[in-house]
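Take a look at the structure set out below.
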Amino acid sequence: MAGTVGYTAIETPIGSLLVASTEKGLCYIHFSADEEAVRSLADWCQKHGLQLPVPDDERNCQVVAELEQYFAGKRRDFTVALDLYGTPFQQTVWSALTHIPYGETRSYKDIAEFIGSSKAVRAIGGANNKNPIPLIIPCHRVIGANGSMVGYGGGLPIKEHLLRLEGVLSPTLEQISLFAAE
């Protein structure tokens with residue numbers, strides 16, 4: 001096996017996150033930082049031919065700083081290097097997601113058209129679901145074609161929190177509930 005993976009736990013307004021990086025860059029974020037999250041990361045590493053992960057705060061200091069700035073409303077774009085593992089199609093979709101500006105949303109259909117595969121809407125959803133680096137690759141900015149909230153790996157409350165943070169959703173609970181019910 002090649003590639004060492006170092007991980008760090010971080011506390012955020014949406015809960016604990018486990019972030020992990022190789023020597024090339026950030027490769028994985030999990031929406032918790034418990035033992036199950038570390039096991040999930042270990043399984044992911046094995047699947048991609050990487051060494052079992054080890055704690056490494058130093059390797060992840062840039063992503064931790066950038067996430068803290070994001071949650072404080074002081075960062076709109078991430079500059080941390082990425083090391084992505086996925087199929088060529090998934091990587092194309094993930095790259096397209098990085099073109100959705102802060103504070104804006106796109107539909108699965110928009111993403112399909114952006115990558116030149118207008119009939120691949122379901123496949124776009126599948127690639128979105130396999131995004132190993134949520135937040136940094138902003139899959140939370142993808143909504144249904146009718147403007148409705150759709151699934152999110154971290155759960156819809158986290159997606160709503162992120163979209164509120166970015167100014168997409170009004171901070172009033174009543175409007176958020178109406179948006180999610182469409």
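Following the order of the structure tokens, first chain is A, next is B, and so on, with residues numbered from 1 inside each chain and ligands from 1 in the order they appear.
Every protein or nucleic acid residue with an atom no more than 9 Å from Ala20 (chain A), counting only C-alpha atoms and leaving out same-chain residues fewer than 5 positions away, appears here: Val5, Gly6, Tyr7, Thr8, Ala9, Gly25, Leu26, Cys27, Tyr28, Ile29, His30, Leu41, Pro53, Pro55, Asp56, Arg59 and Asn60 of chain A.
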### Message
List the spatial neighbours of region 113-115 of chain A as a list in words - criterion: any atom at most 8 Å away, only C-alpha atoms, same-chain residues fewer than 3 positions off excluded.
### Response
Thr92, Val93, Ala96, Lys109, Asp110 and Ser118 of chain A
With N, CA, C and O atoms retained, export the selected residues as a tab-separated table (two decimals), in the first residue's frame.
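So part.tsv came out as:
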chain	number	residue	atom	x	y	z
A	92	THR	N	-15.06	14.41	-12.46
A	92	THR	CA	-15.60	15.47	-13.31
A	92	THR	C	-16.73	16.20	-12.60
A	92	THR	O	-16.80	17.43	-12.61
A	93	VAL	N	-17.62	15.44	-11.97
A	93	VAL	CA	-18.73	16.04	-11.22
A	93	VAL	C	-18.19	16.87	-10.06
A	93	VAL	O	-18.61	18.02	-9.85
A	96	ALA	N	-16.90	20.09	-11.20
A	96	ALA	CA	-18.00	21.00	-11.55
A	96	ALA	C	-18.59	21.64	-10.30
A	96	ALA	O	-18.95	22.83	-10.31
A	109	LYS	N	-29.58	19.00	-12.62
A	109	LYS	CA	-29.67	19.21	-14.07
A	109	LYS	C	-28.65	20.25	-14.52
A	109	LYS	O	-28.01	20.08	-15.56
A	110	ASP	N	-28.49	21.33	-13.76
A	110	ASP	CA	-27.49	22.34	-14.10
A	110	ASP	C	-26.09	21.72	-14.15
A	110	ASP	O	-25.31	22.02	-15.06
A	118	SER	N	-26.25	16.05	-20.26
A	118	SER	CA	-27.56	16.53	-19.81
A	118	SER	C	-28.51	15.43	-19.34
A	118	SER	O	-29.43	15.70	-18.58
### Query
With only C-alpha atoms as the atoms that count, which of A:Ala127, A:Ala72, A:Ile111, A:Leu162 lies nearest to Ala145 (chain A)?
A:Ile111
### Message
Using only C-alpha atoms, which protein or nucleic acid residues come within 12 Å of Leu17 (chain A)? Drop anything in the same chain fewer than 5 positions from it, and give the result as a PyMOL selection string.
### Response
chain A and resi 7-12+28-35+37-38+41+63-64+67-68+133-135+154
Can you list, as a short mmCIF file (atom, residue, chain, number, x, y, z; two decimals) with all heavy atoms, in the first residue's frame, all residues belonging to region 2-104 of chain A that DSSP tags as strand (DSSP E)?
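As written to disk, states_15.cif reads:
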data_model
loop_
_atom_site.label_atom_id
_atom_site.label_comp_id
_atom_site.auth_asym_id
_atom_site.auth_seq_id
_atom_site.Cartn_x
_atom_site.Cartn_y
_atom_site.Cartn_z
N GLY A 6 -3.10 11.16 7.26
CA GLY A 6 -3.14 11.68 8.61
C GLY A 6 -4.47 12.35 8.85
O GLY A 6 -4.98 13.05 7.98
N TYR A 7 -5.05 12.14 10.03
CA TYR A 7 -6.37 12.72 10.32
C TYR A 7 -6.36 13.57 11.57
O TYR A 7 -5.48 13.45 12.43
CB TYR A 7 -7.44 11.64 10.41
CG TYR A 7 -7.31 10.70 11.58
CD1 TYR A 7 -7.88 11.01 12.81
CD2 TYR A 7 -6.63 9.50 11.45
CE1 TYR A 7 -7.77 10.14 13.89
CE2 TYR A 7 -6.52 8.62 12.52
CZ TYR A 7 -7.08 8.95 13.74
OH TYR A 7 -6.98 8.09 14.80
N THR A 8 -7.35 14.45 11.64
CA THR A 8 -7.54 15.37 12.74
C THR A 8 -9.03 15.54 12.99
O THR A 8 -9.81 15.58 12.03
CB THR A 8 -6.95 16.76 12.39
OG1 THR A 8 -5.57 16.62 12.11
CG2 THR A 8 -7.16 17.77 13.50
N ALA A 9 -9.40 15.69 14.23
CA ALA A 9 -10.79 16.02 14.58
C ALA A 9 -10.88 17.54 14.78
O ALA A 9 -9.95 18.15 15.30
CB ALA A 9 -11.20 15.31 15.86
N ILE A 10 -12.00 18.09 14.35
CA ILE A 10 -12.23 19.53 14.50
C ILE A 10 -13.67 19.74 14.97
O ILE A 10 -14.59 19.05 14.49
CB ILE A 10 -11.96 20.29 13.18
CG1 ILE A 10 -12.31 21.78 13.30
CG2 ILE A 10 -12.65 19.66 12.02
CD1 ILE A 10 -11.99 22.62 12.07
N GLU A 11 -13.85 20.66 15.89
CA GLU A 11 -15.20 21.04 16.34
C GLU A 11 -15.68 22.22 15.52
O GLU A 11 -14.93 23.19 15.34
CB GLU A 11 -15.20 21.39 17.83
CG GLU A 11 -14.98 20.19 18.74
CD GLU A 11 -16.03 19.10 18.58
OE1 GLU A 11 -17.22 19.43 18.43
OE2 GLU A 11 -15.65 17.93 18.59
N THR A 12 -16.91 22.14 15.01
CA THR A 12 -17.48 23.20 14.18
C THR A 12 -18.91 23.48 14.63
O THR A 12 -19.48 22.70 15.41
CB THR A 12 -17.51 22.78 12.70
OG1 THR A 12 -18.55 21.81 12.51
CG2 THR A 12 -16.17 22.20 12.24
N GLY A 15 -21.04 20.46 14.29
CA GLY A 15 -20.62 19.27 15.00
C GLY A 15 -19.17 18.93 14.71
O GLY A 15 -18.46 19.67 14.01
N SER A 16 -18.74 17.80 15.22
CA SER A 16 -17.37 17.34 15.00
C SER A 16 -17.19 16.88 13.56
O SER A 16 -18.10 16.28 12.98
CB SER A 16 -17.05 16.17 15.92
OG SER A 16 -17.15 16.55 17.26
N LEU A 17 -16.02 17.16 13.03
CA LEU A 17 -15.64 16.66 11.70
C LEU A 17 -14.32 15.93 11.84
O LEU A 17 -13.47 16.31 12.65
CB LEU A 17 -15.46 17.81 10.71
CG LEU A 17 -16.65 18.69 10.39
CD1 LEU A 17 -16.22 19.83 9.45
CD2 LEU A 17 -17.77 17.88 9.76
N LEU A 18 -14.14 14.90 11.01
CA LEU A 18 -12.86 14.23 10.90
C LEU A 18 -12.31 14.63 9.53
O LEU A 18 -12.98 14.39 8.52
CB LEU A 18 -13.04 12.72 10.98
CG LEU A 18 -11.76 11.90 11.03
CD1 LEU A 18 -11.14 12.01 12.43
CD2 LEU A 18 -12.04 10.45 10.69
N VAL A 19 -11.15 15.26 9.50
CA VAL A 19 -10.52 15.64 8.23
C VAL A 19 -9.25 14.82 8.06
O VAL A 19 -8.54 14.56 9.04
CB VAL A 19 -10.24 17.15 8.14
CG1 VAL A 19 -11.52 17.95 8.20
CG2 VAL A 19 -9.29 17.62 9.22
N ALA A 20 -8.97 14.42 6.83
CA ALA A 20 -7.80 13.57 6.57
C ALA A 20 -7.12 14.00 5.29
O ALA A 20 -7.79 14.37 4.31
CB ALA A 20 -8.22 12.10 6.48
N SER A 21 -5.81 13.93 5.32
CA SER A 21 -5.01 14.34 4.16
C SER A 21 -3.89 13.35 3.91
O SER A 21 -3.37 12.73 4.84
CB SER A 21 -4.38 15.72 4.42
OG SER A 21 -5.36 16.70 4.63
N LEU A 26 -5.79 17.28 0.97
CA LEU A 26 -7.00 16.82 1.66
C LEU A 26 -7.68 15.75 0.83
O LEU A 26 -7.89 15.92 -0.37
CB LEU A 26 -7.94 18.02 1.86
CG LEU A 26 -9.28 17.72 2.53
CD1 LEU A 26 -9.08 17.31 3.98
CD2 LEU A 26 -10.18 18.94 2.44
N CYS A 27 -8.06 14.65 1.48
CA CYS A 27 -8.68 13.55 0.73
C CYS A 27 -10.02 13.10 1.30
O CYS A 27 -10.75 12.38 0.62
CB CYS A 27 -7.73 12.36 0.64
SG CYS A 27 -7.30 11.62 2.24
N TYR A 28 -10.36 13.54 2.53
CA TYR A 28 -11.53 12.94 3.17
C TYR A 28 -12.03 13.84 4.29
O TYR A 28 -11.24 14.39 5.06
CB TYR A 28 -11.11 11.59 3.75
CG TYR A 28 -12.19 10.72 4.32
CD1 TYR A 28 -12.89 9.83 3.51
CD2 TYR A 28 -12.50 10.76 5.68
CE1 TYR A 28 -13.86 8.98 4.05
CE2 TYR A 28 -13.47 9.92 6.22
CZ TYR A 28 -14.14 9.05 5.40
OH TYR A 28 -15.09 8.22 5.94
N ILE A 29 -13.36 14.00 4.37
CA ILE A 29 -14.02 14.65 5.50
C ILE A 29 -15.21 13.80 5.89
O ILE A 29 -15.99 13.38 5.04
CB ILE A 29 -14.49 16.08 5.15
CG1 ILE A 29 -13.29 17.01 4.89
CG2 ILE A 29 -15.35 16.65 6.28
CD1 ILE A 29 -13.67 18.43 4.52
N HIS A 30 -15.36 13.56 7.18
CA HIS A 30 -16.49 12.78 7.71
C HIS A 30 -17.26 13.66 8.69
O HIS A 30 -16.66 14.41 9.45
CB HIS A 30 -15.96 11.53 8.42
CG HIS A 30 -17.01 10.51 8.68
ND1 HIS A 30 -17.85 10.59 9.77
CD2 HIS A 30 -17.35 9.38 8.02
CE1 HIS A 30 -18.67 9.54 9.76
NE2 HIS A 30 -18.38 8.80 8.70
N VAL A 54 -3.46 7.63 10.49
CA VAL A 54 -2.89 7.90 11.81
C VAL A 54 -3.21 9.35 12.18
O VAL A 54 -3.38 10.20 11.31
CB VAL A 54 -1.35 7.69 11.81
CG1 VAL A 54 -1.01 6.23 11.54
CG2 VAL A 54 -0.67 8.60 10.80
N PRO A 55 -3.31 9.64 13.48
CA PRO A 55 -3.54 11.03 13.89
C PRO A 55 -2.40 11.92 13.39
O PRO A 55 -1.23 11.54 13.46
CB PRO A 55 -3.55 10.96 15.41
CG PRO A 55 -3.88 9.53 15.73
CD PRO A 55 -3.26 8.73 14.63
#
### Task
If you run DSSP over the backbone, which residues in region 63-177 of chain A end up helix (DSSP H, G or I)? Put them as an NGL selection string.
:A and (63-71 or 88-97 or 108-114 or 121-129 or 139-141 or 156-165 or 173-177)
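Among the candidates A:Cys45, A:Leu165, A:Leu52, A:Ala123, the one nearest to Gln69 (chain A) when counting only C-alpha atoms is A:Leu165.
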